[in-house]
Every structure is written in C-alpha cells, then in structure tokens.
Amino acid sequence: MYIADLHIHSKYSRATSSDMNIEKLSEWAKIKGINLLGTGDITHPEWLKTLKNTLKSGLKGLFEYNGVDFILSGEVSLVYSKYGKTRKIHILLCFPDFEKVDKFNKKISLYGSLESDGRPILSIDAENFMELVLSISEEIMIIPAHIWTPWFSLYGSNSGFDSIYECFGKYTEKITALETGLSSDPKMNWMIKEIDRFSLVSNSDSHSPSRIGREANYFKERMDYFEIKEVLKEKDNEKFLFTIEFYPEEGKYHYDGHRKCNVSLHPEETKKNGYLCPVCEKPLTIGVLHRVIMLSQRKEDEKPEKFIPYKSLVPLDEIISEAIGFGKETKEVRNEYMRMVLYFGNEMEILLNVPIEEIEKKFNFKVAKGIKNVREDKVKKIPGYDGVYGKIYVLDEEIEEKEIKERKQMSLF
C-alpha cells in the first residue's frame, strides 16, 4: 500500500500550528501511516527556502526526508470577478521539481503577495490562471480544492460556479483531479455527471501535524510523481484503490445553517423557511449537501460507470475519546493513542487492517468496538453547518454497556 495526503499547510499559513515543519510532519506521517505527504505552501519564500535546504531527491519527481516521501505542493486562492459576481476559488498544485516552482512563483507574484500567507491571494481569473500554469509545464498537477465549500471553491454556493466548464473554459480537460473536501464524499459527487471524467482525491488540508491523513488516497504501490499524475488523470482504479474519507456529516459545511443562532437545517427545511434563519430571519449559509442536490443529475445511490471506491473513517483519537470518556486533547487519550500506535505500527493500520479481536485482546474493549462500528458504518451522525464541525458517535451506550456486561458474564464460566 502507498497512502498519500497531498494537501496540507506549513507554519507560514494563517491559523496553523508552529509544529508544521518538516521534522514534525515526517514524524507524524509515520505515526499516521502516511507514505507520501504534500509539502504545502510551496509559494511562500521562507518555506520554499527551508524545503530546498532540507529535502533530498527521491523517486522521480518526489523528495524524501527521514524515510517519508514528499511532493512539492501548494494552494492558491483566486479572487476575481466574472459574470457580474465575485469568485473565490482555491486550487491545489503539485510540481515535479523546484525549477518549475520558481518559474511559477515568479509569474504569480505579479498578481499578489507571496510573503503574506502560505496560501497567497491572487487577482486572476481561473481560466487565465490555467493558461499561466500550463505555459510553465503540463507536468504540473492542477487540482481544484475542496470543491463544494460554500466559500473559496469551484461549486461553492457563495462564490463558485454551476459547472466546471463555466469556471475553467477551454482548459477544463487539463485538470488533473478534483478534491472532494471534508464536507462531501465520492458518493455525493457521483450525483454530478460532469464530474465522471475526473478522479476524486481526498486530502486532509491539515493545519496541525496530528490532523494529517484524516483524509487521504490509497494507492496499490509506491509510485513516482509522473506515475501518480498518470493514474489520477486516467482514473486508474487498478492502481488507485480507494480514498479515505471523513464522514461528510463531520465537515463544517455539510448542512445549511446559521452558527450565530445555533440553527442547523436539512436542505428541505431550508426551502420551507425561504432560505432564511428561522430565529433571526437573516440568510442561511447554504451547505454542501444542499449544493450537491441542487446540481445533481443522478439519484443518491447511482454510480458512474467507472469510479474510485472509498472508505469512511473516524480518527483514532476521536474513537478513543468517546470510548474512555476524556477529551481528545487530554493526556489520557494521547497516552492510549500512542500505546496503540507503538504496538500495531500506525493509525491507518489500526483503523483499516488490524483484526478487531487483536485490538480487544490488548486494549480497551470499547475502543475495539468503536473501530468495528466504523468499519461496518454503524455510527450516529450529527451534521456540521456554517463553520461548525459535525460529530460522529461510534458507540451506542445502551448497546455497548449490554455487550460489556455479557462479556463479563461469559468470562465467569
């Protein structure tokens, strides 16, 4: 297996941990079970200097540090006006070498400051941006980021478009893949027929080392930069085996809502309320589910002819937190998390592959049961809305207490 998380941020992005440096990232990649990690923020001069001084050449087009593969990546924010509306689109880019990064940075510096943030804001139309990138090299991967987020995305309800072509025009075919984002999963995206031609990738967009890999891409084997690009472009489901997904309900923008009034609504309820908050009567933030339904041409359970499967997971620290009754940032959860990782190898191995009986034998029964419930999709989902994360409950307390009692009784015989 070869697990890749292509979209993260460095300590030079706003609202990120100071631990987002190469040393900590490589350390956490091993803890998480991530084989290939995006560098993030490739446009920031100080971070770029660090990467050039730290990373060593690895597989063709990739780099290496402390046994972890890295791909040169970064995100840009395009803010411009088109068809009488302000557009805000985020795009993830991956590069095969520093030379192309330098050429790219020189060109985009004409459209915005590269020093102010790891994700620079550029005043350029998406179609013109595509032309700029392709003039440097067609080897660069171009991946519209978290395509359903209300703000800053391709299909965003507040600043996006109703179709890919409307945004990217004649360069649509040059897109490498599309990123689903935390508030949608492939099943939701399959409802949109124009997406069929593209691979769907999932990445963490992490701002702290412990959150890398919360979404990722599972490949059959280790590949170099150009093989990965080809697999994504051709939607090769023999080498690209599945994506690892958040439950979309856990994302911050799954349902419609108004955070100030603690209002969370399913799209049907939003329509009944005339798209206004029932408490303050101000416009609701329209979430990802609503937007998908609005643009859909398929029913929920229909699939395109060719697709990449996916698996929905809940981070191990969240499962432990619910099982033992302590917050996920507490030392109790951190200690149990590290004990499990040290014993079984890494978090992905525990969530995906370790037999439940093995986990039960060595660790907390309720943690094992929580992992089992996630694998079997037996979870309770409270959708996120208007910037508020949702919650996934992996244990039904009444059922779990009954099972624990039965287990104790059986052990008496």
# chains A, B, ... in the order shown; residues from 1 in each chain; ligands from 1
call {"tool": "residues_around", "arguments": {"residues": "Leu37 (chain A)", "least_positions_apart": "5", "cutoff": "6 Å", "atoms": "only C-alpha atoms", "output": "PyMOL selection string"}}
result
chain A and resi 4-6+70
call {"tool": "write_last_selection", "arguments": {"atoms": "N, CA and C atoms", "output": "short mmCIF file (atom, residue, chain, number, x, y, z; two decimals), in the first residue's frame"}}
result
data_model
loop_
_atom_site.label_atom_id
_atom_site.label_comp_id
_atom_site.auth_asym_id
_atom_site.auth_seq_id
_atom_site.Cartn_x
_atom_site.Cartn_y
_atom_site.Cartn_z
N ALA A 4 -1.27 8.54 0.40
CA ALA A 4 -0.81 9.89 0.09
C ALA A 4 -1.80 10.94 0.59
N ASP A 5 -1.27 11.98 1.21
CA ASP A 5 -2.04 13.16 1.61
C ASP A 5 -1.34 14.35 0.94
N LEU A 6 -1.94 14.87 -0.11
CA LEU A 6 -1.28 15.85 -0.97
C LEU A 6 -1.49 17.30 -0.55
N PHE A 70 7.93 13.12 -0.04
CA PHE A 70 7.24 14.41 -0.11
C PHE A 70 7.04 14.80 -1.57
#
call {"tool": "residues_around", "arguments": {"residues": "Leu276 (chain A)", "least_positions_apart": "2", "cutoff": "12 Å", "atoms": "only C-alpha atoms", "output": "PyMOL selection string"}}
result
chain A and resi 256-258+261+263-265+267+269-274+278-286
call {"tool": "select_by_dssp", "arguments": {"residues": "region 119-278 of chain A", "states": "alpha helix (DSSP H)", "output": "PyMOL selection string"}}
result
chain A and resi 126-136+164-168+186-189+225-234+267-272
call {"tool": "write_last_selection", "arguments": {"atoms": "C-alpha atoms", "output": "JSON list (two decimals), in the first residue's frame"}}
result
[["chain", "number", "residue", "atom", "x", "y", "z"],
["A", 126, "ALA", "CA", -9.29, 30.78, -13.15],
["A", 127, "GLU", "CA", -9.13, 30.32, -16.92],
["A", 128, "ASN", "CA", -6.21, 32.74, -17.23],
["A", 129, "PHE", "CA", -4.56, 31.04, -14.25],
["A", 130, "MET", "CA", -4.76, 27.68, -16.03],
["A", 131, "GLU", "CA", -3.09, 29.25, -19.07],
["A", 132, "LEU", "CA", -0.33, 30.63, -16.85],
["A", 133, "VAL", "CA", 0.34, 27.25, -15.22],
["A", 134, "LEU", "CA", 0.33, 25.34, -18.49],
["A", 135, "SER", "CA", 2.72, 27.85, -20.06],
["A", 136, "ILE", "CA", 5.28, 26.71, -17.48],
["A", 164, "ILE", "CA", -16.59, 23.11, -14.28],
["A", 165, "TYR", "CA", -16.53, 24.49, -17.81],
["A", 166, "GLU", "CA", -18.09, 27.77, -16.66],
["A", 167, "CYS", "CA", -15.06, 28.19, -14.39],
["A", 168, "PHE", "CA", -12.17, 26.79, -16.42],
["A", 186, "PRO", "CA", -17.42, 10.44, -3.50],
["A", 187, "LYS", "CA", -20.99, 9.14, -3.22],
["A", 188, "MET", "CA", -22.28, 12.71, -3.15],
["A", 189, "ASN", "CA", -20.02, 13.73, -6.04],
["A", 225, "TYR", "CA", 5.42, 11.76, -9.45],
["A", 226, "PHE", "CA", 4.69, 11.06, -13.10],
["A", 227, "GLU", "CA", 3.09, 7.68, -12.42],
["A", 228, "ILE", "CA", 0.82, 9.26, -9.81],
["A", 229, "LYS", "CA", -0.20, 12.02, -12.23],
["A", 230, "GLU", "CA", -0.98, 9.45, -14.92],
["A", 231, "VAL", "CA", -3.01, 7.29, -12.52],
["A", 232, "LEU", "CA", -5.06, 10.31, -11.45],
["A", 233, "LYS", "CA", -5.52, 11.62, -14.98],
["A", 234, "GLU", "CA", -6.60, 8.21, -16.32],
["A", 267, "PRO", "CA", -31.95, 21.36, 2.60],
["A", 268, "GLU", "CA", -35.67, 20.56, 2.58],
["A", 269, "GLU", "CA", -36.15, 22.51, 5.81],
["A", 270, "THR", "CA", -34.17, 25.39, 4.34],
["A", 271, "LYS", "CA", -36.53, 25.60, 1.39],
["A", 272, "LYS", "CA", -39.56, 25.61, 3.69]]
call {"tool": "closest_residue", "arguments": {"among": "A:Ile382, A:Val68, A:Val354, A:Ala323", "to": "Val367 (chain A)", "atoms": "only C-alpha atoms"}}
result
A:Ala323
call {"tool": "residues_around", "arguments": {"residues": "Pro309 (chain A)", "least_positions_apart": "3", "cutoff": "10 Å", "atoms": "only C-alpha atoms", "output": "list in words"}}
result
Pro186, Lys187, Leu200, Asn237, Phe240, Leu241, Phe242, Thr243, Ile244 and Lys306 of chain A
